[in-house]
>>> print(open('protein24.csv').read())   # CSV, C-alpha atoms and all ligand atoms
chain,number,residue,atom,x,y,z
A,929,VAL,CA,74.0,-133.6,-155.3
A,930,GLY,CA,76.8,-135.9,-154.3
A,931,ARG,CA,80.0,-134.1,-153.3
A,932,ASP,CA,83.4,-135.1,-152.1
A,933,LEU,CA,84.8,-131.8,-153.3
A,934,LEU,CA,83.5,-128.3,-154.0
A,935,VAL,CA,85.5,-125.8,-156.1
A,936,THR,CA,84.0,-122.4,-155.2
A,937,GLY,CA,84.7,-118.8,-156.3
A,938,CYS,CA,85.4,-119.9,-160.0
A,939,ARG,CA,85.6,-117.7,-163.0
A,940,LEU,CA,84.5,-120.8,-164.9
A,941,ALA,CA,85.1,-121.5,-168.6
A,942,SER,CA,83.5,-124.9,-168.5
A,943,MET,CA,83.8,-125.3,-172.3
A,944,ALA,CA,80.5,-127.4,-172.1
A,945,ASP,CA,79.0,-125.6,-175.1
A,946,GLY,CA,82.3,-125.5,-177.0
A,947,THR,CA,82.9,-121.8,-176.3
A,948,ALA,CA,85.0,-120.0,-173.7
A,949,THR,CA,82.1,-118.2,-172.1
A,950,VAL,CA,83.0,-117.3,-168.5
A,951,MET,CA,80.6,-117.7,-165.6
A,952,ASP,CA,81.4,-115.6,-162.5
A,953,ASP,CA,81.2,-117.0,-158.9
A,954,ALA,CA,80.6,-120.5,-160.2
A,955,VAL,CA,80.8,-123.7,-158.2
A,956,VAL,CA,81.9,-127.2,-159.4
A,957,ALA,CA,80.8,-130.1,-157.2
A,958,VAL,CA,82.7,-133.4,-157.5
A,959,ALA,CA,81.6,-136.9,-156.4
A,960,ALA,CA,83.6,-140.1,-157.0
A,961,GLY,CA,86.0,-138.5,-159.4
A,962,THR,CA,83.2,-137.2,-161.6
A,963,VAL,CA,81.6,-133.7,-161.9
A,964,SER,CA,78.2,-133.9,-160.2
A,965,TRP,CA,77.0,-130.3,-160.4
A,966,VAL,CA,78.0,-127.0,-162.1
A,967,GLY,CA,76.4,-123.6,-161.6
A,968,PRO,CA,76.3,-120.3,-160.0
A,969,ALA,CA,76.9,-120.2,-156.2
A,970,PHE,CA,73.5,-118.9,-155.4
A,971,ALA,CA,71.9,-122.0,-157.0
A,972,LEU,CA,74.1,-124.5,-155.2
A,973,PRO,CA,71.9,-127.1,-153.5
A,974,ALA,CA,72.3,-127.3,-149.7
A,975,GLY,CA,74.7,-129.9,-148.3
A,976,THR,CA,78.3,-130.4,-147.1
A,977,ALA,CA,81.5,-131.4,-148.8
A,978,SER,CA,84.5,-133.1,-147.3
A,979,ARG,CA,86.8,-130.7,-149.0
A,980,VAL,CA,86.4,-127.2,-150.4
A,981,VAL,CA,88.9,-125.4,-152.7
A,982,ASP,CA,88.3,-121.6,-153.0
A,983,ALA,CA,89.4,-120.4,-156.4
A,984,ALA,CA,89.0,-116.8,-155.1
A,985,GLY,CA,87.9,-115.4,-158.4
A,986,ARG,CA,90.5,-117.1,-160.5
A,987,LEU,CA,89.9,-118.6,-163.9
A,988,VAL,CA,89.0,-122.3,-163.8
A,989,THR,CA,89.0,-124.5,-167.0
A,990,PRO,CA,88.8,-128.2,-167.8
A,991,GLY,CA,92.2,-129.9,-167.4
A,992,LEU,CA,94.0,-129.5,-170.7
A,993,VAL,CA,94.1,-132.3,-173.2
A,994,ASP,CA,97.3,-132.8,-175.3
A,995,CYS,CA,95.9,-135.0,-178.1
A,996,HIS,CA,99.2,-135.5,-180.1
A,997,THR,CA,102.5,-136.4,-178.5
A,998,HIS,CA,105.5,-138.6,-179.1
A,999,LEU,CA,106.6,-138.5,-175.4
A,1000,VAL,CA,108.3,-141.9,-175.3
A,1001,PHE,CA,111.7,-142.0,-177.0
A,1002,GLY,CA,115.4,-142.7,-176.4
A,1003,GLY,CA,118.0,-139.9,-176.4
A,1004,HIS,CA,117.5,-136.4,-177.7
A,1005,ARG,CA,118.5,-134.5,-180.8
A,1006,ALA,CA,119.9,-131.2,-179.6
A,1007,GLU,CA,122.9,-131.6,-181.9
A,1008,GLU,CA,120.6,-132.0,-184.9
A,1009,TYR,CA,118.8,-128.9,-183.8
A,1010,ARG,CA,122.2,-127.1,-183.8
A,1011,ARG,CA,122.6,-128.2,-187.5
A,1012,ARG,CA,119.1,-127.2,-188.3
A,1013,LEU,CA,119.7,-123.7,-186.8
A,1014,ALA,CA,122.7,-123.5,-189.2
A,1015,GLY,CA,120.3,-124.1,-192.2
A,1016,ALA,CA,119.9,-127.9,-192.7
A,1017,THR,CA,116.3,-128.9,-193.8
A,1018,TYR,CA,114.1,-131.7,-192.3
A,1019,GLU,CA,114.4,-133.7,-195.5
A,1020,GLU,CA,118.2,-133.3,-195.8
A,1021,LEU,CA,118.5,-134.5,-192.2
A,1022,ALA,CA,116.2,-137.5,-192.8
A,1023,ARG,CA,118.1,-138.5,-195.9
A,1024,HIS,CA,121.4,-138.6,-193.9
A,1025,GLY,CA,120.1,-140.9,-191.3
A,1026,ASP,CA,119.4,-138.2,-188.8
A,1027,GLY,CA,115.8,-137.2,-188.1
A,1028,ILE,CA,113.4,-140.0,-187.0
A,1029,LEU,CA,115.9,-142.8,-187.7
A,1030,ALA,CA,118.4,-141.4,-185.2
A,1031,THR,CA,115.7,-141.6,-182.5
A,1032,VAL,CA,114.8,-145.1,-183.7
A,1033,ARG,CA,118.3,-146.3,-183.0
A,1034,ALA,CA,118.4,-144.6,-179.6
A,1035,THR,CA,114.9,-146.0,-178.7
A,1036,ARG,CA,115.8,-149.5,-179.7
A,1037,ALA,CA,118.9,-149.3,-177.5
A,1038,ALA,CA,116.9,-148.0,-174.4
A,1039,SER,CA,115.6,-150.3,-171.7
A,1040,GLU,CA,112.0,-150.1,-170.6
A,1041,ASP,CA,113.1,-148.4,-167.3
A,1042,GLU,CA,115.2,-145.8,-169.2
A,1043,LEU,CA,112.3,-145.0,-171.5
A,1044,MET,CA,109.9,-144.8,-168.5
A,1045,GLU,CA,112.2,-142.4,-166.5
A,1046,ALA,CA,112.8,-140.1,-169.4
A,1047,ALA,CA,109.1,-140.0,-170.6
A,1048,GLY,CA,107.9,-139.6,-167.0
A,1049,ALA,CA,110.0,-136.5,-166.6
A,1050,ARG,CA,108.7,-135.0,-169.8
A,1051,LEU,CA,105.1,-135.9,-168.8
A,1052,ALA,CA,105.7,-134.2,-165.4
A,1053,ALA,CA,106.5,-131.0,-167.3
A,1054,LEU,CA,103.4,-131.2,-169.5
A,1055,ALA,CA,101.3,-131.9,-166.4
A,1056,ALA,CA,102.7,-128.8,-164.7
A,1057,SER,CA,101.5,-126.8,-167.6
A,1058,GLY,CA,97.9,-127.9,-166.9
A,1059,VAL,CA,97.6,-131.1,-168.9
A,1060,THR,CA,95.4,-133.8,-167.3
A,1061,THR,CA,94.9,-136.1,-170.4
A,1062,VAL,CA,97.7,-136.9,-172.9
A,1063,GLU,CA,97.9,-139.0,-176.0
A,1064,VAL,CA,101.2,-140.9,-176.4
A,1065,LYS,CA,102.3,-142.5,-179.7
A,1066,SER,CA,104.7,-145.3,-180.4
A,1067,GLY,CA,106.6,-145.1,-183.7
A,1068,TYR,CA,110.3,-144.9,-182.7
A,1069,GLY,CA,110.7,-148.7,-182.6
A,1070,LEU,CA,109.5,-149.8,-186.1
A,1071,ASP,CA,110.0,-153.4,-185.0
A,1072,LEU,CA,107.7,-155.6,-182.9
A,1073,ASP,CA,109.8,-155.6,-179.7
A,1074,THR,CA,110.4,-151.9,-179.5
A,1075,GLU,CA,106.9,-150.8,-180.5
A,1076,LEU,CA,105.5,-153.0,-177.8
A,1077,ARG,CA,108.0,-151.7,-175.3
A,1078,MET,CA,107.0,-148.1,-176.1
A,1079,LEU,CA,103.3,-148.8,-175.8
A,1080,ARG,CA,103.8,-150.6,-172.5
A,1081,VAL,CA,105.8,-147.6,-171.1
A,1082,ALA,CA,103.0,-145.3,-172.3
A,1083,ARG,CA,100.4,-147.4,-170.6
A,1084,GLN,CA,102.4,-147.3,-167.3
A,1085,LEU,CA,102.9,-143.6,-167.4
A,1086,GLY,CA,99.2,-143.1,-166.4
A,1087,PRO,CA,99.3,-144.9,-163.1
A,1088,ALA,CA,102.9,-143.5,-162.4
A,1089,THR,CA,101.9,-139.9,-162.9
A,1090,GLY,CA,98.2,-139.6,-162.3
A,1091,VAL,CA,97.7,-138.2,-165.8
A,1092,ARG,CA,95.1,-139.9,-168.0
A,1093,VAL,CA,97.1,-141.5,-170.9
A,1094,VAL,CA,95.7,-142.6,-174.2
A,1095,THR,CA,98.0,-144.7,-176.5
A,1096,THR,CA,98.4,-144.7,-180.2
A,1097,PHE,CA,100.3,-147.2,-182.4
A,1098,LEU,CA,102.3,-145.4,-185.0
A,1099,GLY,CA,104.3,-148.3,-186.4
A,1100,ALA,CA,104.0,-146.7,-189.9
A,1101,HIS,CA,105.9,-143.6,-188.8
A,1102,THR,CA,108.8,-144.1,-191.3
A,1103,VAL,CA,110.5,-146.9,-193.1
A,1104,PRO,CA,113.2,-148.5,-190.9
A,1105,GLU,CA,116.7,-149.1,-192.2
A,1106,GLU,CA,116.3,-152.8,-192.6
A,1107,PHE,CA,113.4,-152.1,-195.0
A,1108,ALA,CA,115.1,-149.3,-196.8
A,1109,GLY,CA,113.7,-148.9,-200.3
A,1110,ARG,CA,110.9,-151.4,-199.6
A,1111,PRO,CA,108.1,-149.4,-198.0
A,1112,ASP,CA,105.4,-151.8,-199.3
A,1113,ASP,CA,107.1,-154.7,-197.6
A,1114,TYR,CA,107.3,-152.7,-194.4
A,1115,VAL,CA,103.6,-151.8,-194.6
A,1116,GLY,CA,102.9,-155.6,-195.0
A,1117,TYR,CA,105.0,-156.3,-191.9
A,1118,VAL,CA,103.2,-153.7,-189.8
A,1119,CYS,CA,99.8,-155.0,-190.9
A,1120,SER,CA,100.4,-158.7,-190.6
A,1121,THR,CA,102.9,-158.9,-187.7
A,1122,VAL,CA,103.2,-155.8,-185.5
A,1123,LEU,CA,99.6,-154.5,-185.4
A,1124,PRO,CA,98.1,-157.8,-184.3
A,1125,ALA,CA,100.6,-158.1,-181.5
A,1126,VAL,CA,100.3,-154.6,-180.1
A,1127,ALA,CA,96.6,-154.1,-180.6
A,1128,GLY,CA,95.8,-154.8,-177.0
A,1129,PHE,CA,98.2,-151.9,-175.9
A,1130,ALA,CA,96.8,-149.3,-178.3
A,1131,ASP,CA,93.7,-147.1,-178.1
A,1132,ALA,CA,94.1,-146.0,-181.8
A,1133,VAL,CA,96.3,-146.4,-184.8
A,1134,ASP,CA,98.1,-143.5,-186.7
A,1135,VAL,CA,100.1,-143.3,-189.9
A,1136,PHE,CA,102.6,-140.7,-191.1
A,1137,CYS,CA,101.2,-140.0,-194.6
A,1138,ASP,CA,103.7,-137.7,-196.4
A,1139,ARG,CA,106.6,-137.9,-198.8
A,1140,VAL,CA,109.1,-138.9,-196.1
A,1141,GLY,CA,106.5,-141.3,-194.7
A,1142,PHE,CA,103.9,-143.4,-196.5
A,1143,THR,CA,101.7,-142.7,-199.5
A,1144,ALA,CA,97.9,-142.4,-199.1
A,1145,ASP,CA,97.5,-145.9,-200.6
A,1146,GLN,CA,100.0,-147.4,-198.1
A,1147,ALA,CA,98.4,-145.5,-195.2
A,1148,ALA,CA,95.0,-146.7,-196.2
A,1149,LEU,CA,96.2,-150.4,-195.8
A,1150,VAL,CA,97.3,-149.8,-192.3
A,1151,LEU,CA,94.2,-147.9,-191.3
A,1152,ALA,CA,92.0,-150.6,-192.8
A,1153,ALA,CA,93.9,-153.3,-190.8
A,1154,ALA,CA,93.3,-151.2,-187.7
A,1155,GLN,CA,89.6,-150.8,-188.3
A,1156,GLU,CA,89.2,-154.5,-188.9
A,1157,ARG,CA,90.4,-154.9,-185.3
A,1158,GLY,CA,87.9,-152.3,-184.1
A,1159,LEU,CA,90.6,-149.7,-183.4
A,1160,PRO,CA,89.9,-146.0,-184.2
A,1161,VAL,CA,92.3,-144.3,-186.6
A,1162,LYS,CA,94.1,-140.9,-187.1
A,1163,LEU,CA,96.6,-139.6,-189.6
A,1164,HIS,CA,99.6,-137.3,-189.8
A,1165,ALA,CA,98.4,-135.5,-192.9
A,1166,ASP,CA,99.8,-133.0,-195.4
A,1167,GLN,CA,102.6,-131.7,-193.2
A,1168,LEU,CA,105.2,-131.4,-196.0
A,1169,SER,CA,103.0,-131.5,-199.1
A,1170,ASP,CA,99.3,-132.0,-200.1
A,1171,SER,CA,99.5,-135.8,-200.3
A,1172,GLY,CA,95.8,-136.4,-199.9
A,1173,GLY,CA,96.1,-137.1,-196.2
A,1174,ALA,CA,93.2,-135.0,-195.0
A,1175,ALA,CA,90.9,-136.5,-197.7
A,1176,LEU,CA,92.0,-140.0,-196.7
A,1177,ALA,CA,91.4,-139.3,-193.0
A,1178,ALA,CA,87.9,-138.0,-193.8
A,1179,ARG,CA,87.1,-141.0,-196.1
A,1180,VAL,CA,87.9,-143.6,-193.4
A,1181,GLY,CA,86.1,-141.6,-190.7
A,1182,ALA,CA,89.3,-140.9,-188.7
A,1183,LEU,CA,89.1,-139.3,-185.3
A,1184,SER,CA,91.6,-136.6,-186.4
A,1185,ALA,CA,93.8,-135.4,-189.2
A,1186,ASP,CA,96.9,-133.9,-187.8
A,1187,HIS,CA,99.3,-131.1,-189.1
A,1188,LEU,CA,97.4,-130.0,-192.3
A,1189,GLU,CA,100.0,-127.3,-193.2
A,1190,HIS,CA,99.5,-128.1,-196.9
A,1191,THR,CA,95.9,-129.2,-197.0
A,1192,GLY,CA,94.0,-127.7,-199.9
A,1193,PRO,CA,90.3,-126.8,-200.3
A,1194,GLU,CA,89.3,-130.4,-201.2
A,1195,GLY,CA,90.8,-131.7,-198.0
A,1196,VAL,CA,89.0,-129.0,-195.9
A,1197,ALA,CA,85.7,-129.9,-197.6
A,1198,ALA,CA,86.3,-133.6,-196.9
A,1199,LEU,CA,86.9,-132.9,-193.2
A,1200,GLU,CA,83.8,-130.7,-193.0
A,1201,ALA,CA,81.7,-133.6,-194.3
A,1202,SER,CA,83.2,-136.3,-192.0
A,1203,GLY,CA,83.4,-134.6,-188.6
A,1204,THR,CA,87.1,-135.4,-188.3
A,1205,VAL,CA,88.9,-133.1,-186.0
A,1206,ALA,CA,91.8,-131.0,-187.4
A,1207,VAL,CA,94.7,-131.1,-185.0
A,1208,LEU,CA,97.0,-128.2,-185.4
A,1209,LEU,CA,100.7,-128.6,-184.3
A,1210,PRO,CA,102.3,-125.1,-184.3
A,1211,GLY,CA,105.4,-126.3,-182.4
A,1212,ALA,CA,106.6,-128.2,-185.4
A,1213,ALA,CA,106.0,-125.2,-187.8
A,1214,TYR,CA,107.9,-123.0,-185.3
A,1215,VAL,CA,110.9,-125.3,-184.7
A,1216,LEU,CA,111.2,-126.1,-188.5
A,1217,ALA,CA,110.7,-122.4,-189.3
A,1218,ASP,CA,108.2,-123.7,-191.9
A,1219,PRO,CA,106.3,-120.8,-193.5
A,1220,ALA,CA,103.4,-123.2,-194.5
A,1221,ARG,CA,100.3,-122.7,-192.5
A,1222,PRO,CA,97.2,-124.9,-192.0
A,1223,PRO,CA,94.1,-123.4,-193.7
A,1224,VAL,CA,92.7,-122.0,-190.5
A,1225,ALA,CA,90.3,-119.5,-192.1
A,1226,ALA,CA,88.8,-122.2,-194.3
A,1227,LEU,CA,88.6,-124.8,-191.5
A,1228,ARG,CA,86.8,-122.1,-189.3
A,1229,ALA,CA,84.4,-121.2,-192.1
A,1230,ALA,CA,83.6,-124.9,-192.7
A,1231,GLY,CA,83.0,-125.5,-189.0
A,1232,VAL,CA,85.7,-128.1,-188.7
A,1233,PRO,CA,86.6,-128.5,-185.0
A,1234,MET,CA,90.3,-127.4,-184.5
A,1235,ALA,CA,92.4,-128.9,-181.7
A,1236,VAL,CA,95.8,-127.7,-180.7
A,1237,ALA,CA,98.6,-130.1,-179.4
A,1238,THR,CA,102.3,-129.9,-178.6
A,1239,ALA,CA,103.3,-132.8,-180.9
A,1240,ALA,CA,106.0,-133.2,-178.2
A,1241,ASN,CA,108.9,-135.1,-179.9
A,1242,PRO,CA,112.7,-135.0,-180.0
A,1243,GLY,CA,113.1,-133.7,-183.6
A,1244,THR,CA,110.5,-131.2,-184.8
A,1245,SER,CA,108.7,-130.1,-181.6
A,1246,PRO,CA,110.6,-130.5,-178.3
A,1247,LEU,CA,107.7,-128.6,-176.7
A,1248,LEU,CA,106.5,-129.5,-173.2
A,1249,SER,CA,103.9,-126.8,-172.5
A,1250,LEU,CA,100.4,-126.9,-173.9
A,1251,PRO,CA,99.7,-123.3,-173.1
A,1252,LEU,CA,102.8,-122.4,-175.2
A,1253,ALA,CA,101.4,-124.5,-178.1
A,1254,MET,CA,98.2,-122.5,-177.7
A,1255,HIS,CA,100.2,-119.3,-177.8
A,1256,LEU,CA,101.9,-120.4,-181.0
A,1257,ALA,CA,98.6,-121.5,-182.6
A,1258,CYS,CA,97.3,-117.9,-182.0
A,1259,ARG,CA,100.5,-116.1,-183.0
A,1260,LEU,CA,101.5,-118.3,-186.0
A,1261,PHE,CA,98.2,-119.8,-187.2
A,1262,GLY,CA,95.7,-117.1,-186.4
A,1263,LEU,CA,93.5,-118.8,-183.9
A,1264,THR,CA,91.7,-116.6,-181.4
A,1265,PRO,CA,92.6,-117.2,-177.7
A,1266,GLU,CA,89.1,-118.7,-177.3
A,1267,GLU,CA,89.7,-121.1,-180.2
A,1268,ALA,CA,93.0,-122.1,-178.7
A,1269,LEU,CA,91.4,-122.9,-175.4
A,1270,ALA,CA,88.7,-125.0,-177.1
A,1271,GLY,CA,91.5,-126.6,-179.1
A,1272,ALA,CA,93.3,-127.7,-176.0
A,1273,THR,CA,90.1,-128.9,-174.2
A,1274,CYS,CA,86.8,-130.0,-175.8
A,1275,HIS,CA,88.0,-130.4,-179.4
A,1276,ALA,CA,91.2,-132.2,-178.3
A,1277,ALA,CA,89.0,-134.6,-176.3
A,1278,ARG,CA,86.9,-135.3,-179.5
A,1279,ALA,CA,90.2,-136.0,-181.4
A,1280,LEU,CA,90.8,-138.8,-178.8
A,1281,GLY,CA,87.2,-140.2,-178.9
A,1282,LEU,CA,86.7,-138.8,-175.4
A,1283,ALA,CA,84.2,-136.1,-176.2
A,1284,GLU,CA,82.0,-135.2,-173.2
A,1285,ARG,CA,84.1,-137.3,-170.9
A,1286,VAL,CA,87.2,-135.0,-170.6
A,1287,GLY,CA,87.9,-131.5,-171.9
A,1288,VAL,CA,84.6,-130.1,-170.4
A,1289,ILE,CA,83.4,-129.3,-166.9
A,1290,ALA,CA,79.9,-130.7,-167.0
A,1291,PRO,CA,77.9,-133.3,-165.0
A,1292,GLY,CA,79.1,-136.8,-165.9
A,1293,ALA,CA,82.5,-135.7,-167.1
A,1294,ALA,CA,85.8,-136.6,-165.3
A,1295,ALA,CA,86.6,-134.1,-162.5
A,1296,ASP,CA,89.7,-132.9,-164.2
A,1297,LEU,CA,90.1,-129.1,-163.9
A,1298,VAL,CA,92.7,-126.4,-163.5
A,1299,VAL,CA,92.7,-123.3,-161.3
A,1300,TRP,CA,94.8,-120.7,-163.1
A,1301,ASP,CA,96.7,-117.7,-161.7
A,1302,ALA,CA,94.7,-115.7,-164.2
A,1303,THR,CA,91.3,-114.3,-164.6
A,1304,GLU,CA,90.9,-114.2,-168.4
A,1305,PRO,CA,91.2,-117.0,-170.9
A,1306,THR,CA,93.3,-114.8,-173.0
A,1307,GLU,CA,96.0,-114.7,-170.3
A,1308,LEU,CA,96.7,-118.4,-171.0
A,1309,VAL,CA,98.1,-117.5,-174.4
A,1310,TYR,CA,99.4,-114.1,-173.4
A,1311,TRP,CA,102.0,-114.8,-170.7
A,1312,LEU,CA,105.1,-116.5,-172.1
A,1313,GLY,CA,107.1,-119.0,-170.0
A,1314,ARG,CA,105.2,-118.2,-166.9
A,1315,PRO,CA,103.7,-121.2,-165.2
A,1316,LEU,CA,100.1,-120.3,-164.4
A,1317,CYS,CA,98.8,-123.5,-162.8
A,1318,ARG,CA,97.6,-122.7,-159.3
A,1319,ALA,CA,96.0,-126.1,-158.6
A,1320,VAL,CA,95.1,-129.1,-160.7
A,1321,VAL,CA,92.2,-131.5,-159.9
A,1322,ARG,CA,92.6,-134.9,-161.6
A,1323,GLY,CA,89.8,-137.4,-161.2
A,1324,GLY,CA,88.6,-135.4,-158.1
A,1325,GLN,CA,92.0,-135.4,-156.5
A,1326,VAL,CA,93.5,-132.0,-155.7
A,1327,THR,CA,97.2,-131.4,-156.6
A,1328,SER,CA,98.3,-128.0,-155.3
A,1329,LEU,CA,101.3,-126.7,-157.1
A,1330,VAL,CA,101.6,-123.4,-155.3
B,1,ZN,ZN,103.4,-136.3,-184.7
>>> encode(input="protein24.csv", output="structure tokens")
Amino acid sequence: VGRDLLVTGCRLASMADGTATVMDDAVVAVAAGTVSWVGPAFALPAGTASRVVDAAGRLVTPGLVDCHTHLVFGGHRAEEYRRRLAGATYEELARHGDGILATVRATRAASEDELMEAAGARLAALAASGVTTVEVKSGYGLDLDTELRMLRVARQLGPATGVRVVTTFLGAHTVPEEFAGRPDDYVGYVCSTVLPAVAGFADAVDVFCDRVGFTADQAALVLAAAQERGLPVKLHADQLSDSGGAALAARVGALSADHLEHTGPEGVAALEASGTVAVLLPGAAYVLADPARPPVAALRAAGVPMAVATAANPGTSPLLSLPLAMHLACRLFGLTPEEALAGATCHAARALGLAERVGVIAPGAAADLVVWDATEPTELVYWLGRPLCRAVVRGGQVTSLV
């Protein structure tokens, strides 16, 4: 067994079988940034390691995977939130040029350095909450230059912070002002001009399929253009109404269908058949005070893997803690603490096309893990606002936070 690092004394929730089963007095061996052995201490093969971290009976899980964020953007929308608290709705704000378009203006005006500094600070907060892999979407440029700038910044965030970053092109987030009233023309521009130019900076392509975004037919055009280039796809689906998003995501074999607050039985059945991950984003439901709920009981009964993500963004979910998103998924959506942990680890990895590579502690997976100031998985969703990360290992490198 090769070993540069041993993590001993773990109460280990490896998530390797998709459940939060805990093994006491477990050891994780790491070699060359990869997990090389996992098991009970008594079975550890003889040998030495250059570094030993003693978890001393604490809970150890895979590094958390935040599989849906919009971390790169200019400005913020605290003033809009004040108006929202006073009663304005998401669609009213969108119609008056607030909402996404306000962030588009701020992002177009921001330099690459400004975007980098602001997104880096937000990613540092996510990382301190235990996140070792994060997906970052574009979608606040809506023109070639700014979309490319956002994706370049997202790609640079990985080396700058040590967090594994996966990028997604979301050019079809909303219709920009210069294409107002011409969504089909904008979809044509995205497919023929922007997508080909940014494809080398994106690991996947996403579309906002909803009544303030794009219809299922328009979304299908963008997803087809992505798939022609060999890029996997995902979809913002059924957040505001049942617009056929989940069914479309399933039909095209998307990695994930995200939101799903208004998905009906047909959408659930389609997801069941396709293996597409349902990504639940309770921060948005919480901030919008939206009473709609994703069909968690039906998804559970159908065996659809459910991931949980922050959807970190300046308008509907300025949420920079994945454990807090897990808490909200339990409190608002009815997930169990064990489902929330699977949702932020192994199922989130699947939503990024990284199943078995991150989100689990198993031989061959990246050595990304968290030692928590906790003993039970339930504590991760129980404590509110208490940073619980004791130490984080990223690619075999130990980051001690305490
Ligand atoms: Zn989103």
>>> closest_atom_pairs(input="protein24.csv", of="chain A", to="ligand ZN 1 (chain B)", cutoff="7 Å", atoms="all atoms listed in the file", output="JSON lines")
{"residue": "A:His996", "atom": "CA", "partner": "B:ZN1", "partner_atom": "ZN", "distance": 6.3}
{"residue": "A:Thr997", "atom": "CA", "partner": "B:ZN1", "partner_atom": "ZN", "distance": 6.3}
{"residue": "A:His998", "atom": "CA", "partner": "B:ZN1", "partner_atom": "ZN", "distance": 6.4}
{"residue": "A:His1164", "atom": "CA", "partner": "B:ZN1", "partner_atom": "ZN", "distance": 6.4}
{"residue": "A:Ala1239", "atom": "CA", "partner": "B:ZN1", "partner_atom": "ZN", "distance": 5.2}
>>> atom_distance(input="protein24.csv", atom1="atom CA of A:Val1309", atom2="atom CA of A:Gly937")
22.6 Å
>>> atom_distance(input="protein24.csv", atom1="atom CA of A:Ser1245", atom2="atom CA of A:Ser1328")
28.4 Å
>>> atom_distance(input="protein24.csv", atom1="atom CA of A:Leu1076", atom2="atom CA of A:Val1122")
8.5 Å
>>> closest_residue(input="protein24.csv", among="A:Asp1131, A:Asp945, A:Glu1019, A:Asp994", to="A:Leu1216", atoms="only C-alpha atoms")
A:Glu1019
>>> closest_residue(input="protein24.csv", among="A:Val1224, A:Leu1248, A:Ser978, A:Thr936", to="A:Ala1049", atoms="all atoms listed in the file")
A:Leu1248
>>> residues_around(input="protein24.csv", residues="A:Val1232", least_positions_apart="5", cutoff="9 Å", atoms="all atoms listed in the file", output="list in words")
Val1196, Leu1199, Glu1200, Ala1201, Gly1203, Thr1204, Val1205, Ala1206, Ala1226 and Leu1227 of chain A
>>> closest_residue(input="protein24.csv", among="A:Leu1079, A:Leu972, A:Thr1244, A:Ala1148", to="A:Leu1021", atoms="only C-alpha atoms")
A:Thr1244
>>> closest_residue(input="protein24.csv", among="A:Ala1006, A:Ala1235, A:Cys1274, A:Ala969", to="A:Ala1257", atoms="only C-alpha atoms")
A:Ala1235
>>> closest_residue(input="protein24.csv", among="A:Ala1175, A:Val993, A:Leu1098, A:Ala1220", to="A:Gly1067", atoms="only C-alpha atoms")
A:Leu1098
>>> closest_residue(input="protein24.csv", among="A:Arg1322, A:Leu1316, A:Ala1108, A:Phe1142", to="A:Gly1287", atoms="all atoms listed in the file")
A:Arg1322
>>> residues_around(input="protein24.csv", residues="A:Val956", least_positions_apart="4", cutoff="8 Å", atoms="all atoms listed in the file", output="PDB file with C-alpha atoms, in the coordinates of the input")
ATOM      1  CA  LEU A 934      83.500-128.300-154.000  1.00  0.00           C
ATOM      2  CA  VAL A 935      85.500-125.800-156.100  1.00  0.00           C
ATOM      3  CA  THR A 936      84.000-122.400-155.200  1.00  0.00           C
ATOM      4  CA  VAL A 963      81.600-133.700-161.900  1.00  0.00           C
ATOM      5  CA  SER A 964      78.200-133.900-160.200  1.00  0.00           C
ATOM      6  CA  TRP A 965      77.000-130.300-160.400  1.00  0.00           C
ATOM      7  CA  VAL A 966      78.000-127.000-162.100  1.00  0.00           C
ATOM      8  CA  GLY A 967      76.400-123.600-161.600  1.00  0.00           C
ATOM      9  CA  ILE A1289      83.400-129.300-166.900  1.00  0.00           C
TER      10      ILE A1289
END
>>> residues_near_point(input="protein24.csv", point="(104.3, -151.3, -202.2)", cutoff="10 Å", atoms="all atoms listed in the file", output="MDAnalysis selection string")
chainID A and resid 1109:1116 1142:1143 1145:1146
>>> residues_near_point(input="protein24.csv", point="(101.3, -143.1, -180.3)", cutoff="6 Å", atoms="only C-alpha atoms", output="JSON, numbers by chain")
{"A": [1064, 1065, 1066, 1095, 1096, 1097, 1098]}
>>> residues_around(input="protein24.csv", residues="A:Leu1013", least_positions_apart="4", cutoff="10 Å", atoms="all atoms listed in the file", output="list in words")
Glu1007, Glu1008, Tyr1009, Thr1017, Val1215, Leu1216 and Ala1217 of chain A
>>> residues_around(input="protein24.csv", residues="A:Ala1302", least_positions_apart="2", cutoff="6 Å", atoms="only C-alpha atoms", output="list in words")
Arg986, Leu987, Trp1300 and Glu1304 of chain A
>>> residues_around(input="protein24.csv", residues="stretch 1251-1255 of chain A", least_positions_apart="2", cutoff="7 Å", atoms="only C-alpha atoms", output="list in words")
Ser1057, Pro1210, Gly1211, Val1236, Ala1237, Thr1238, Ser1249, Ala1257, Cys1258, Arg1259, Ala1268, Leu1308, Val1309 and Tyr1310 of chain A
